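What follows is the content of target17.txt (compact mmCIF, C-alpha atoms and all ligand atoms).
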```txt
# COMPACT_ATOMS: atom_id res chain seq x y z
CA MET R 1 -36.35 145.53 34.18
CA LYS R 2 -35.66 145.79 37.96
CA VAL R 3 -36.61 143.21 40.59
CA GLN R 4 -35.41 142.44 44.09
CA VAL R 5 -34.40 138.82 43.31
CA CYS R 6 -33.46 137.22 39.97
CA ILE R 7 -33.71 133.42 40.01
CA ILE R 8 -31.83 131.41 37.38
CA GLY R 9 -33.56 128.08 36.71
CA GLY R 10 -37.21 127.05 36.52
CA GLY R 11 -36.85 123.64 38.17
CA PRO R 12 -38.28 122.75 41.59
CA SER R 13 -35.71 124.83 43.53
CA GLY R 14 -36.17 128.03 41.54
CA LEU R 15 -39.94 127.78 41.34
CA LEU R 16 -40.45 126.97 45.02
CA LEU R 17 -38.32 129.93 46.11
CA SER R 18 -40.04 132.20 43.58
CA GLN R 19 -43.46 131.27 44.94
CA LEU R 20 -42.46 131.63 48.60
CA LEU R 21 -40.87 135.06 48.02
CA HIS R 22 -43.87 136.21 45.98
CA LEU R 23 -46.25 135.34 48.80
CA ARG R 24 -44.22 137.59 51.08
CA GLY R 25 -44.21 140.47 48.61
CA ILE R 26 -40.60 140.05 47.46
CA GLU R 27 -40.51 140.76 43.71
CA ASN R 28 -38.68 138.13 41.69
CA ILE R 29 -38.29 136.75 38.19
CA VAL R 30 -37.36 133.23 37.06
CA LEU R 31 -35.19 132.79 33.95
CA GLU R 32 -35.46 129.26 32.49
CA LYS R 33 -33.46 128.22 29.44
CA HIS R 34 -35.95 125.58 28.23
CA THR R 35 -39.64 125.47 27.44
CA ARG R 36 -42.09 124.49 30.18
CA GLU R 37 -42.93 121.29 28.28
CA TYR R 38 -39.24 120.33 28.26
CA VAL R 39 -38.87 120.94 31.99
CA LEU R 40 -42.05 118.97 32.74
CA GLY R 41 -40.87 116.16 30.47
CA ARG R 42 -38.09 115.23 32.88
CA ILE R 43 -38.74 112.09 34.91
CA ARG R 44 -37.12 112.61 38.29
CA ALA R 45 -37.41 111.68 41.96
CA GLY R 46 -40.58 110.67 43.73
CA VAL R 47 -40.07 110.70 47.51
CA LEU R 48 -40.65 113.90 49.52
CA GLU R 49 -39.46 114.40 53.09
CA HIS R 50 -42.14 115.65 55.44
CA GLY R 51 -40.23 118.98 55.62
CA PHE R 52 -40.50 119.42 51.85
CA ALA R 53 -44.22 118.64 51.91
CA LYS R 54 -44.65 121.27 54.66
CA LEU R 55 -42.79 123.86 52.55
CA MET R 56 -45.02 123.09 49.56
CA ARG R 57 -48.08 123.73 51.73
CA GLU R 58 -46.54 127.00 53.00
CA ALA R 59 -46.06 127.96 49.34
CA GLU R 60 -49.80 127.27 48.81
CA CYS R 61 -48.87 124.49 46.36
CA GLY R 62 -49.59 121.41 48.45
CA GLU R 63 -53.26 120.78 47.65
CA ARG R 64 -52.82 118.24 44.79
CA MET R 65 -49.81 116.66 46.54
CA ASP R 66 -51.98 116.05 49.61
CA ARG R 67 -54.83 114.76 47.43
CA GLU R 68 -52.89 112.56 45.01
CA GLY R 69 -49.62 111.86 46.82
CA GLU R 70 -49.27 108.73 48.98
CA ILE R 71 -48.12 108.84 52.59
CA HIS R 72 -45.62 106.01 53.11
CA HIS R 73 -44.81 104.86 56.64
CA GLY R 74 -42.04 102.49 55.59
CA PHE R 75 -40.13 100.74 52.84
CA PHE R 76 -38.52 97.33 52.24
CA ILE R 77 -34.92 96.23 51.78
CA ALA R 78 -34.53 92.88 50.00
CA HIS R 79 -31.21 91.19 50.68
CA ASP R 80 -29.88 87.64 50.62
CA GLY R 81 -33.37 86.34 49.79
CA ILE R 82 -34.91 88.14 52.77
CA LEU R 83 -37.45 91.00 52.63
CA ASP R 84 -37.01 93.27 55.67
CA ARG R 85 -39.20 96.32 56.34
CA VAL R 86 -37.96 99.65 57.66
CA ASP R 87 -40.78 101.05 59.80
CA LEU R 88 -40.19 104.78 59.25
CA HIS R 89 -43.17 105.84 61.33
CA LYS R 90 -42.08 103.82 64.37
CA TYR R 91 -38.37 104.64 64.22
CA SER R 92 -38.60 108.32 63.23
CA GLY R 93 -40.93 109.25 66.07
CA GLY R 94 -44.09 109.33 63.96
CA ASN R 95 -42.85 110.87 60.71
CA SER R 96 -43.27 109.55 57.16
CA VAL R 97 -42.62 110.51 53.53
CA VAL R 98 -44.90 111.55 50.66
CA VAL R 99 -44.55 109.63 47.40
CA TYR R 100 -45.39 112.17 44.68
CA GLY R 101 -43.53 112.58 41.38
CA GLN R 102 -41.23 115.58 40.90
CA THR R 103 -42.87 116.16 37.52
CA GLU R 104 -46.25 116.69 39.22
CA LEU R 105 -44.70 118.82 41.95
CA THR R 106 -43.01 121.03 39.33
CA ARG R 107 -46.32 121.28 37.46
CA ASP R 108 -48.04 122.41 40.67
CA LEU R 109 -45.36 125.06 41.20
CA TYR R 110 -45.73 126.37 37.63
CA ASP R 111 -49.51 126.48 38.01
CA ALA R 112 -49.13 128.47 41.25
CA ARG R 113 -46.77 130.97 39.58
CA ASP R 114 -49.29 131.36 36.75
CA ARG R 115 -52.17 131.96 39.19
CA ALA R 116 -50.09 134.59 40.97
CA GLY R 117 -49.08 136.27 37.71
CA GLY R 118 -45.46 135.34 38.46
CA MET R 119 -42.71 136.28 36.00
CA VAL R 120 -41.24 133.08 34.55
CA VAL R 121 -39.31 133.58 31.31
CA HIS R 122 -38.85 130.42 29.21
CA ASN R 123 -36.32 130.03 26.39
CA ALA R 124 -34.04 132.48 28.22
CA GLU R 125 -30.75 131.83 26.43
CA ASP R 126 -27.16 132.95 27.07
CA VAL R 127 -27.94 133.89 30.66
CA ALA R 128 -24.94 135.76 32.10
CA LEU R 129 -24.41 137.09 35.62
CA HIS R 130 -22.71 140.46 36.12
CA ASP R 131 -21.26 142.59 38.95
CA LEU R 132 -21.97 139.89 41.55
CA THR R 133 -19.56 141.43 44.07
CA THR R 134 -21.24 144.84 43.93
CA ASP R 135 -24.56 145.90 45.50
CA ARG R 136 -26.03 146.31 41.99
CA PRO R 137 -25.70 142.92 40.27
CA PHE R 138 -27.52 142.34 37.01
CA VAL R 139 -28.33 139.46 34.69
CA THR R 140 -28.52 139.48 30.89
CA TYR R 141 -30.15 136.94 28.59
CA THR R 142 -31.31 136.66 25.01
CA ARG R 143 -34.75 135.58 23.84
CA ASP R 144 -35.99 135.51 20.24
CA GLY R 145 -32.77 137.22 19.24
CA GLU R 146 -33.24 140.15 21.62
CA THR R 147 -30.96 140.87 24.58
CA HIS R 148 -32.59 141.67 27.91
CA ARG R 149 -31.18 142.99 31.19
CA VAL R 150 -32.53 142.34 34.70
CA ASP R 151 -31.24 144.65 37.43
CA CYS R 152 -31.64 143.11 40.87
CA GLU R 153 -30.36 143.05 44.44
CA TYR R 154 -29.74 139.29 44.64
CA VAL R 155 -29.19 136.47 42.14
CA ILE R 156 -30.20 132.89 43.02
CA GLY R 157 -28.39 130.16 41.09
CA ALA R 158 -31.03 127.39 40.95
CA ASP R 159 -29.95 126.26 37.49
CA GLY R 160 -28.85 122.73 38.27
CA PHE R 161 -25.54 120.92 37.90
CA HIS R 162 -24.94 122.07 34.32
CA GLY R 163 -26.11 125.63 34.90
CA VAL R 164 -24.23 128.90 34.45
CA SER R 165 -24.36 130.16 38.04
CA ARG R 166 -21.75 127.97 39.75
CA LYS R 167 -19.48 128.48 36.72
CA SER R 168 -19.80 132.26 37.22
CA ILE R 169 -17.83 132.00 40.46
CA PRO R 170 -14.06 132.47 40.00
CA ALA R 171 -12.20 129.15 40.34
CA ASP R 172 -10.15 130.43 43.29
CA LYS R 173 -13.33 131.33 45.19
CA ILE R 174 -14.99 127.89 45.11
CA ARG R 175 -13.99 124.33 46.13
CA GLU R 176 -15.60 121.32 44.51
CA HIS R 177 -15.76 117.83 46.04
CA GLU R 178 -16.80 115.00 43.72
CA LYS R 179 -17.10 111.24 43.83
CA ILE R 180 -18.10 109.27 40.69
CA TYR R 181 -19.67 105.81 41.15
CA PRO R 182 -18.62 102.97 38.79
CA PHE R 183 -22.17 102.22 37.63
CA GLY R 184 -25.41 103.85 36.54
CA TRP R 185 -29.16 103.41 37.00
CA LEU R 186 -31.38 102.23 34.17
CA GLY R 187 -34.88 103.49 34.94
CA ILE R 188 -38.25 102.79 33.34
CA LEU R 189 -41.75 104.12 33.82
CA SER R 190 -44.68 101.79 33.03
CA ARG R 191 -48.44 102.18 33.28
CA THR R 192 -48.71 99.13 35.53
CA LYS R 193 -49.83 98.50 39.10
CA PRO R 194 -46.78 98.77 41.39
CA VAL R 195 -45.38 95.44 42.54
CA SER R 196 -45.47 96.56 46.19
CA PRO R 197 -47.49 99.14 48.16
CA GLU R 198 -44.18 100.45 49.55
CA LEU R 199 -40.77 100.90 47.89
CA VAL R 200 -38.47 97.87 47.64
CA TYR R 201 -34.69 98.47 47.57
CA ALA R 202 -32.97 95.23 46.50
CA LYS R 203 -29.32 94.30 47.07
CA HIS R 204 -28.36 91.36 44.86
CA ASP R 205 -25.14 89.74 43.57
CA ARG R 206 -26.28 90.70 40.05
CA GLY R 207 -26.68 94.33 41.11
CA PHE R 208 -29.03 96.78 42.81
CA ALA R 209 -32.71 97.13 41.88
CA LEU R 210 -35.44 99.48 43.10
CA CYS R 211 -39.22 99.16 42.84
CA SER R 212 -40.91 102.55 43.22
CA LEU R 213 -44.10 104.20 41.99
CA ARG R 214 -45.76 107.44 40.98
CA SER R 215 -49.35 106.28 41.66
CA GLN R 216 -51.30 103.04 41.84
CA VAL R 217 -51.32 102.92 38.03
CA LEU R 218 -47.81 104.22 37.29
CA SER R 219 -44.73 102.26 38.36
CA ARG R 220 -41.08 103.30 38.40
CA TYR R 221 -38.33 100.64 38.38
CA TYR R 222 -34.52 100.87 38.34
CA LEU R 223 -31.64 98.47 37.71
CA GLN R 224 -27.97 99.09 38.44
CA VAL R 225 -26.11 98.77 35.12
CA PRO R 226 -22.46 99.16 34.04
CA LEU R 227 -21.56 102.68 32.89
CA THR R 228 -20.86 101.23 29.43
CA ASP R 229 -24.45 100.03 28.93
CA THR R 230 -26.69 101.79 26.42
CA LEU R 231 -30.48 101.83 26.08
CA ASP R 232 -30.49 99.71 22.92
CA GLN R 233 -29.11 96.82 25.00
CA TRP R 234 -32.18 96.90 27.20
CA ALA R 235 -35.39 95.91 25.47
CA ASP R 236 -38.36 95.89 27.85
CA ASP R 237 -38.37 92.07 28.08
CA GLU R 238 -34.72 92.05 29.11
CA PHE R 239 -35.42 94.70 31.72
CA TRP R 240 -38.33 92.80 33.29
CA ALA R 241 -36.43 89.48 33.25
CA GLU R 242 -33.41 91.05 35.00
CA LEU R 243 -35.57 92.85 37.54
CA LYS R 244 -37.23 89.55 38.47
CA ARG R 245 -33.82 87.91 38.92
CA ARG R 246 -32.82 90.58 41.46
CA LEU R 247 -36.04 90.45 43.52
CA PRO R 248 -37.06 87.85 46.11
CA SER R 249 -39.43 85.32 44.52
CA SER R 250 -42.26 86.55 46.79
CA VAL R 251 -41.95 89.96 45.11
CA ALA R 252 -40.97 88.86 41.59
CA GLY R 253 -44.04 86.65 41.49
CA GLN R 254 -46.28 89.71 41.93
CA LEU R 255 -44.58 91.82 39.22
CA ILE R 256 -46.96 93.16 36.56
CA THR R 257 -44.98 94.03 33.44
CA GLY R 258 -45.93 96.27 30.57
CA PRO R 259 -44.44 98.52 27.87
CA SER R 260 -42.06 101.20 29.12
CA ILE R 261 -43.32 104.76 28.50
CA GLU R 262 -39.96 106.22 29.51
CA LYS R 263 -36.53 104.61 29.70
CA SER R 264 -33.19 106.24 30.58
CA ILE R 265 -29.76 105.56 32.04
CA ALA R 266 -28.30 108.03 34.56
CA PRO R 267 -24.77 108.06 36.01
CA LEU R 268 -24.34 108.31 39.79
CA ARG R 269 -22.23 111.00 41.36
CA SER R 270 -21.77 112.78 44.70
CA PHE R 271 -20.85 116.46 44.38
CA VAL R 272 -20.67 119.50 46.64
CA ALA R 273 -19.49 123.04 45.80
CA GLU R 274 -18.40 125.23 48.72
CA PRO R 275 -19.21 127.91 49.64
CA MET R 276 -22.75 128.32 48.24
CA ARG R 277 -22.41 132.08 48.00
CA TYR R 278 -20.33 134.56 45.99
CA GLY R 279 -21.15 138.20 46.70
CA ARG R 280 -24.82 138.71 45.80
CA LEU R 281 -25.07 135.23 44.17
CA PHE R 282 -26.51 132.35 46.23
CA LEU R 283 -26.48 128.76 44.91
CA ALA R 284 -29.35 126.36 45.69
CA GLY R 285 -30.23 122.78 44.80
CA ASP R 286 -28.44 120.84 42.08
CA ALA R 287 -26.42 123.94 41.16
CA ALA R 288 -24.46 123.36 44.38
CA HIS R 289 -24.77 119.65 45.14
CA ILE R 290 -25.67 116.27 43.66
CA VAL R 291 -26.30 112.96 45.37
CA PRO R 292 -26.66 109.41 44.01
CA PRO R 293 -30.45 108.77 43.97
CA THR R 294 -30.27 105.74 46.30
CA GLY R 295 -31.24 107.73 49.36
CA ALA R 296 -33.88 109.87 47.56
CA ARG R 297 -32.16 113.03 48.87
CA GLY R 298 -31.80 115.06 45.63
CA LEU R 299 -35.01 117.06 45.63
CA ASN R 300 -35.12 117.02 49.43
CA SER R 301 -31.63 118.59 49.70
CA ALA R 302 -32.86 121.39 47.44
CA ALA R 303 -35.78 121.99 49.82
CA SER R 304 -33.57 122.81 52.81
CA ASP R 305 -31.53 125.26 50.71
CA ILE R 306 -34.75 126.99 49.67
CA TYR R 307 -36.01 127.03 53.27
CA HIS R 308 -32.84 128.79 54.52
CA LEU R 309 -32.71 131.19 51.56
CA TYR R 310 -36.39 132.09 51.96
CA HIS R 311 -36.01 132.92 55.66
CA ALA R 312 -32.76 134.80 55.03
CA MET R 313 -34.48 136.95 52.39
CA LEU R 314 -37.40 137.61 54.77
CA ASP R 315 -34.94 138.70 57.45
CA HIS R 316 -33.25 141.04 55.00
CA TYR R 317 -36.33 142.64 53.44
CA ARG R 318 -38.52 142.70 56.54
CA ASN R 319 -36.10 143.20 59.41
CA GLY R 320 -33.12 144.74 57.65
CA SER R 321 -30.91 141.95 58.97
CA ASP R 322 -28.34 140.14 56.79
CA ALA R 323 -27.56 137.55 59.46
CA GLY R 324 -29.48 134.86 57.56
CA LEU R 325 -27.81 135.68 54.25
CA ASP R 326 -24.36 135.71 55.87
CA ALA R 327 -25.05 132.35 57.57
CA TYR R 328 -26.77 130.74 54.56
CA SER R 329 -23.83 128.82 53.08
CA ASP R 330 -22.68 127.29 56.38
CA ARG R 331 -26.26 126.46 57.44
CA ALA R 332 -27.14 124.87 54.07
CA LEU R 333 -23.86 122.93 53.82
CA ALA R 334 -24.20 121.50 57.33
CA ARG R 335 -27.37 119.68 56.24
CA ILE R 336 -26.16 119.03 52.66
CA TRP R 337 -23.19 117.03 53.92
CA LYS R 338 -25.47 114.92 56.13
CA ALA R 339 -27.57 114.14 53.05
CA GLN R 340 -24.34 113.36 51.16
CA ARG R 341 -23.31 110.95 53.91
CA PHE R 342 -26.69 109.19 53.95
CA SER R 343 -26.79 108.88 50.14
CA TRP R 344 -23.25 107.51 50.06
CA TRP R 345 -24.07 105.04 52.85
CA MET R 346 -27.24 103.72 51.11
CA THR R 347 -25.35 103.46 47.80
CA THR R 348 -22.37 101.66 49.30
CA LEU R 349 -24.65 99.32 51.24
CA LEU R 350 -26.88 98.20 48.38
CA HIS R 351 -24.84 98.20 45.16
CA ARG R 352 -22.50 95.60 43.70
CA PHE R 353 -19.18 97.32 43.07
CA PRO R 354 -16.96 96.09 40.24
CA GLU R 355 -13.92 94.14 41.59
CA GLN R 356 -15.64 93.99 44.97
CA ILE R 357 -13.58 91.78 47.30
CA SER R 358 -15.07 89.23 49.68
CA TYR R 359 -14.28 91.44 52.67
CA ASP R 360 -16.47 94.23 51.25
CA GLN R 361 -19.30 91.77 50.63
CA LYS R 362 -19.10 90.55 54.23
CA LEU R 363 -19.22 94.16 55.43
CA GLN R 364 -22.40 94.77 53.39
CA GLU R 365 -24.02 91.65 54.84
CA THR R 366 -22.90 92.62 58.35
CA GLU R 367 -24.23 96.18 57.94
CA LEU R 368 -27.64 94.83 56.89
CA ASN R 369 -27.74 92.23 59.65
CA TYR R 370 -26.78 94.92 62.18
CA LEU R 371 -29.40 97.31 60.77
CA PHE R 372 -32.25 94.85 61.22
CA SER R 373 -31.10 93.68 64.65
CA SER R 374 -30.66 97.14 66.20
CA GLU R 375 -33.40 99.66 66.95
CA THR R 376 -30.67 102.30 67.20
CA ALA R 377 -29.53 101.54 63.64
CA LEU R 378 -33.12 101.63 62.40
CA ARG R 379 -33.70 104.98 64.12
CA LEU R 380 -30.57 106.37 62.45
CA LEU R 381 -31.79 105.22 59.03
CA ALA R 382 -35.37 106.37 59.60
CA GLU R 383 -34.51 109.89 60.81
CA ASN R 384 -32.36 110.45 57.71
CA TYR R 385 -34.91 109.01 55.28
CA VAL R 386 -37.90 111.04 56.55
CA GLY R 387 -35.64 114.10 56.64
CA LEU R 388 -33.34 115.68 59.19
CA PRO R 389 -34.48 119.02 60.63
CA PHE R 390 -33.89 122.01 58.32
N1 LIG G 401 -30.00 129.44 32.20
C1 LIG G 401 -31.30 129.27 32.60
N2 LIG G 401 -31.79 128.10 33.09
C2 LIG G 401 -30.93 127.06 33.18
C3 LIG G 401 -29.57 127.17 32.78
C4 LIG G 401 -29.12 128.41 32.29
N3 LIG G 401 -27.84 128.59 31.89
N4 LIG G 401 -28.98 125.94 33.00
C5 LIG G 401 -29.94 125.13 33.49
N5 LIG G 401 -31.10 125.79 33.60
C6 LIG G 401 -32.38 125.27 34.08
C7 LIG G 401 -32.65 123.83 33.66
O1 LIG G 401 -33.25 123.79 32.39
C8 LIG G 401 -33.58 123.35 34.78
O2 LIG G 401 -34.93 123.51 34.44
O3 LIG G 401 -32.33 125.24 35.50
C9 LIG G 401 -33.23 124.24 35.98
C10 LIG G 401 -32.53 123.46 37.09
O4 LIG G 401 -33.47 122.50 37.58
P1 LIG G 401 -32.95 121.10 38.20
O5 LIG G 401 -31.81 120.59 37.40
O6 LIG G 401 -34.16 120.21 38.36
O7 LIG G 401 -32.37 121.48 39.63
P2 LIG G 401 -33.17 121.93 40.94
O8 LIG G 401 -34.27 122.85 40.62
O9 LIG G 401 -32.13 122.32 41.91
O10 LIG G 401 -33.89 120.60 41.44
C11 LIG G 401 -33.19 119.62 42.11
O11 LIG G 401 -34.27 118.17 40.58
O12 LIG G 401 -32.81 117.49 38.92
C12 LIG G 401 -33.47 117.10 40.04
O13 LIG G 401 -32.18 115.40 41.04
C13 LIG G 401 -32.51 116.75 41.10
O14 LIG G 401 -34.24 116.10 42.45
C14 LIG G 401 -33.29 117.12 42.28
C15 LIG G 401 -33.98 118.36 41.94
C1 LIG G 402 -38.13 107.24 42.40
O1 LIG G 402 -39.33 106.93 42.63
O2 LIG G 402 -37.76 107.73 41.32
C2 LIG G 402 -37.11 107.00 43.48
C3 LIG G 402 -37.54 106.62 44.75
C4 LIG G 402 -36.60 106.40 45.75
C5 LIG G 402 -35.26 106.54 45.47
C6 LIG G 402 -34.82 106.92 44.19
C7 LIG G 402 -35.76 107.15 43.19
O3 LIG G 402 -34.34 106.31 46.46
```

structure tokens encoding of this file:
Amino acid sequence: MKVQVCIIGGGPSGLLLSQLLHLRGIENIVLEKHTREYVLGRIRAGVLEHGFAKLMREAECGERMDREGEIHHGFFIAHDGILDRVDLHKYSGGNSVVVYGQTELTRDLYDARDRAGGMVVHNAEDVALHDLTTDRPFVTYTRDGETHRVDCEYVIGADGFHGVSRKSIPADKIREHEKIYPFGWLGILSRTKPVSPELVYAKHDRGFALCSLRSQVLSRYYLQVPLTDTLDQWADDEFWAELKRRLPSSVAGQLITGPSIEKSIAPLRSFVAEPMRYGRLFLAGDAAHIVPPTGARGLNSAASDIYHLYHAMLDHYRNGSDAGLDAYSDRALARIWKAQRFSWWMTTLLHRFPEQISYDQKLQETELNYLFSSETALRLLAENYVGLPF
């Protein structure tokens, strides 16, 4: 088989790029190692920057997001018994975010690829990238015991943190920067009315908590837990009781509890691989960078990679210019590192670190008191949360 672009990974990054390229007549194929059901079974992020929402509309995949997603003009930070609101709309110059689950967004992207007759290969195993430093790269994979070859002009590594693409770059051609946090997030999904119309990030001596949502009948809650914790230590009742302890009584008193329909513990890490290009291979999304979820930048960081890759490919195939492709890694990384900074800042501000000394605690309190007493600080937070320019 021969295509112009071969995309490894059928998550949000790979599918969004595939759809955008297709709409501009650039032939591509997506190779996904798992089944569609498996991919759609992942419970992931739920806050979209306005730039991501715009890109979904440009990809002709924004209709259900606009119909079912919720526009949020702000969120709350609970700290030291106080509930303070961050007015995103006021302090970002009129912008906001869309609260819409990544599962639904990925479903919309798959549906769009189906409608367009897009080539998405599931159960593509043993994907291997070849001749990346030549002008004729190719990709091989096996499916149902048969080996297949895809000849292409470009390979996009959108296969996530554990994918094959980044690992296909020789060790002396890539630099990795990583920071591991000494705690994890225990998350649950419950078919209950959300405790608050807007998200509540809670800093508490017992640990961080987050109240989020997927819709008015589907709530998403998180608790900071030690890395040594396991799911069998957290029965639903324990989860709800601990969540209430970490919320202000005005919020805890409104909490509607119910059985969890999904429960998982995820570690927190910050990670960036540089550069995001090796010959004809371009990395995008989680394949190149990971953020702790505190700042809701994971999916949104992937969006800016896709935006730059999409325009670089248009420049190449329509105008014969490789300027965009040559500038991609630097352009993408410039914004990625700002998202890394913001995610690290939110995480450091709101979590309880093991062996935290009193000086650190006073800095957290001071940072929060400064934030809510300074319009400049609120503008800085708001412009990052709604999304910096691509
Ligand atoms: N071959 C083919 N596909 C692969 C391989 C491989 N060797 N390894 C991984 N994949 C697939 C995974 O099964 C997954 O569906 O690549 C896809 C990568 O998707 P994501 O991990 O979701 O990464 P990305 O599309 O960049 O989306 C980033 O999703 O994971 C969240 O927190 C992340 O919100 C962020 C967003
Ligand atoms: C979520 O809804 O899953 C979510 C929302 C905001 C975050 C992290 C996760 O910062």

**Study point:** Contacts of Ala377 in chain R within 12 Å, all atoms listed in the file, excl. fewer than 3 positions in-chain, as a PyMOL selection string
**Key:** chain R and resi 86-88+91-92+367-374+380-384

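Residues of protein, DNA or RNA having any atom at most 7 Å from ligand LIG 402 (chain G), counting only C-alpha atoms and all ligand atoms, are Arg44, Ala45, Gly46, Val47, Ser212, Leu213, Arg214, Arg220, Pro293, Thr294, Gly295 and Ala296 of chain R.
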
Practice item. Report the distance between CA of Glu153 in chain R and CA of Thr134 in chain R in Å, rounded to one decimal place. Key: 9.3 Å

Between chain R and ligand LIG 401 (chain G), at 8 Å or less, what are the per-residue closest atom pairs and their distances in Å? Count all atoms listed in the file, order by chain and rising residue number, and return it as a Markdown table.
```
| residue | atom | partner | partner_atom | distance |
| --- | --- | --- | --- | --- |
| R:Ile8 | CA | G:LIG401 | C1 | 5.3 |
| R:Gly9 | CA | G:LIG401 | O3 | 3.3 |
| R:Gly10 | CA | G:LIG401 | O2 | 4.7 |
| R:Gly11 | CA | G:LIG401 | O4 | 3.6 |
| R:Pro12 | CA | G:LIG401 | O8 | 4.1 |
| R:Ser13 | CA | G:LIG401 | O8 | 3.8 |
| R:Gly14 | CA | G:LIG401 | O8 | 5.6 |
| R:Leu15 | CA | G:LIG401 | O8 | 7.5 |
| R:Leu31 | CA | G:LIG401 | C1 | 5.4 |
| R:Glu32 | CA | G:LIG401 | N2 | 3.9 |
| R:Lys33 | CA | G:LIG401 | C1 | 4.0 |
| R:His34 | CA | G:LIG401 | O1 | 5.3 |
| R:Val39 | CA | G:LIG401 | O2 | 5.3 |
| R:Arg44 | CA | G:LIG401 | C12 | 6.0 |
| R:Ala45 | CA | G:LIG401 | O14 | 5.5 |
| R:Gln102 | CA | G:LIG401 | O14 | 7.2 |
| R:Ala124 | CA | G:LIG401 | C1 | 6.1 |
| R:Glu125 | CA | G:LIG401 | N1 | 6.3 |
| R:Asp126 | CA | G:LIG401 | N3 | 6.5 |
| R:Val127 | CA | G:LIG401 | N1 | 5.1 |
| R:Ala128 | CA | G:LIG401 | N3 | 7.7 |
| R:Ala158 | CA | G:LIG401 | O9 | 5.3 |
| R:Asp159 | CA | G:LIG401 | O3 | 3.3 |
| R:Gly160 | CA | G:LIG401 | O5 | 3.8 |
| R:Phe161 | CA | G:LIG401 | O5 | 6.3 |
| R:His162 | CA | G:LIG401 | N4 | 5.7 |
| R:Gly163 | CA | G:LIG401 | N4 | 3.5 |
| R:Val164 | CA | G:LIG401 | N3 | 4.4 |
| R:Ser165 | CA | G:LIG401 | N3 | 7.2 |
| R:Ala284 | CA | G:LIG401 | O9 | 6.2 |
| R:Gly285 | CA | G:LIG401 | O9 | 3.5 |
| R:Asp286 | CA | G:LIG401 | O9 | 4.0 |
| R:Ala287 | CA | G:LIG401 | O9 | 6.0 |
| R:Ile290 | CA | G:LIG401 | O13 | 7.1 |
| R:Val291 | CA | G:LIG401 | O13 | 7.7 |
| R:Pro293 | CA | G:LIG401 | O13 | 7.5 |
| R:Arg297 | CA | G:LIG401 | O14 | 7.4 |
| R:Gly298 | CA | G:LIG401 | O14 | 4.1 |
| R:Leu299 | CA | G:LIG401 | O14 | 3.4 |
| R:Asn300 | CA | G:LIG401 | O14 | 7.1 |
| R:Ser301 | CA | G:LIG401 | C14 | 7.7 |
| R:Ala302 | CA | G:LIG401 | C11 | 5.6 |
```

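Residues within 7 Å of Cys61 in chain R, counting all atoms listed in the file and excluding same-chain residues fewer than 3 positions away, are Met56, Arg57, Asp108, Leu109 and Ala112 of chain R.
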
**Study point:** Nearest candidate to Thr106 in chain R (options R:Ala288, R:Val150, R:Leu40, R:Ile71; using only C-alpha atoms)
**Key:** R:Leu40

Study note, to complete from the structure: Correct to one decimal, the distance CA of Leu223 in chain R-CA of Ala209 in chain R is 4.5 Å

Check your understanding: Which polymer residues have any atom within 12 Å of an atom of Gln356 in chain R, counting only C-alpha atoms, with same-chain residues fewer than 6 positions away left out, as a PyMOL selection string?
Key -> chain R and resi 182+205+207+348+362-364

Go ahead and write the selection's residues with C-alpha atoms as a PDB file, in the frame of the given file.
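This went into result07.pdb:
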```pdb
ATOM      1  CA  PRO R 182     -18.620 102.970  38.790  1.00  0.00           C
ATOM      2  CA  ASP R 205     -25.140  89.740  43.570  1.00  0.00           C
ATOM      3  CA  GLY R 207     -26.680  94.330  41.110  1.00  0.00           C
ATOM      4  CA  THR R 348     -22.370 101.660  49.300  1.00  0.00           C
ATOM      5  CA  LYS R 362     -19.100  90.550  54.230  1.00  0.00           C
ATOM      6  CA  LEU R 363     -19.220  94.160  55.430  1.00  0.00           C
ATOM      7  CA  GLN R 364     -22.400  94.770  53.390  1.00  0.00           C
TER       8      GLN R 364
END
```

Point to revise | Glu70 in chain R surroundings by all atoms listed in the file, 10 Å radius, close-in-sequence under 5 positions cut, as number ranges by chain | key: R: 47, 65, 97-100, 197-198, 213-216

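Using only C-alpha atoms, the contacts of Phe271 in chain R at a cut-off of 6 Å, with sequence neighbours closer than 4 positions omitted, comprise His177, Glu178, His289 and Ile290 of chain R.
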
Practice item. Could you tell me which of R:Arg379, R:Arg175, R:Arg36, R:Arg107 comes closest to Leu16 in chain R if we count all atoms listed in the file? Key: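 Distance minimum relative to Leu16 in chain R lands on R:Arg107.
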
Exercise for review: Give as a VMD selection string each residue that has an atom at most 12 Å from (-43.8, 125.7, 55.1) in the file, counting only C-alpha atoms.
Suggested key: chain R and resid 16 to 17 19 to 20 23 50 to 62 303 to 304 306 to 308 310 to 311 390
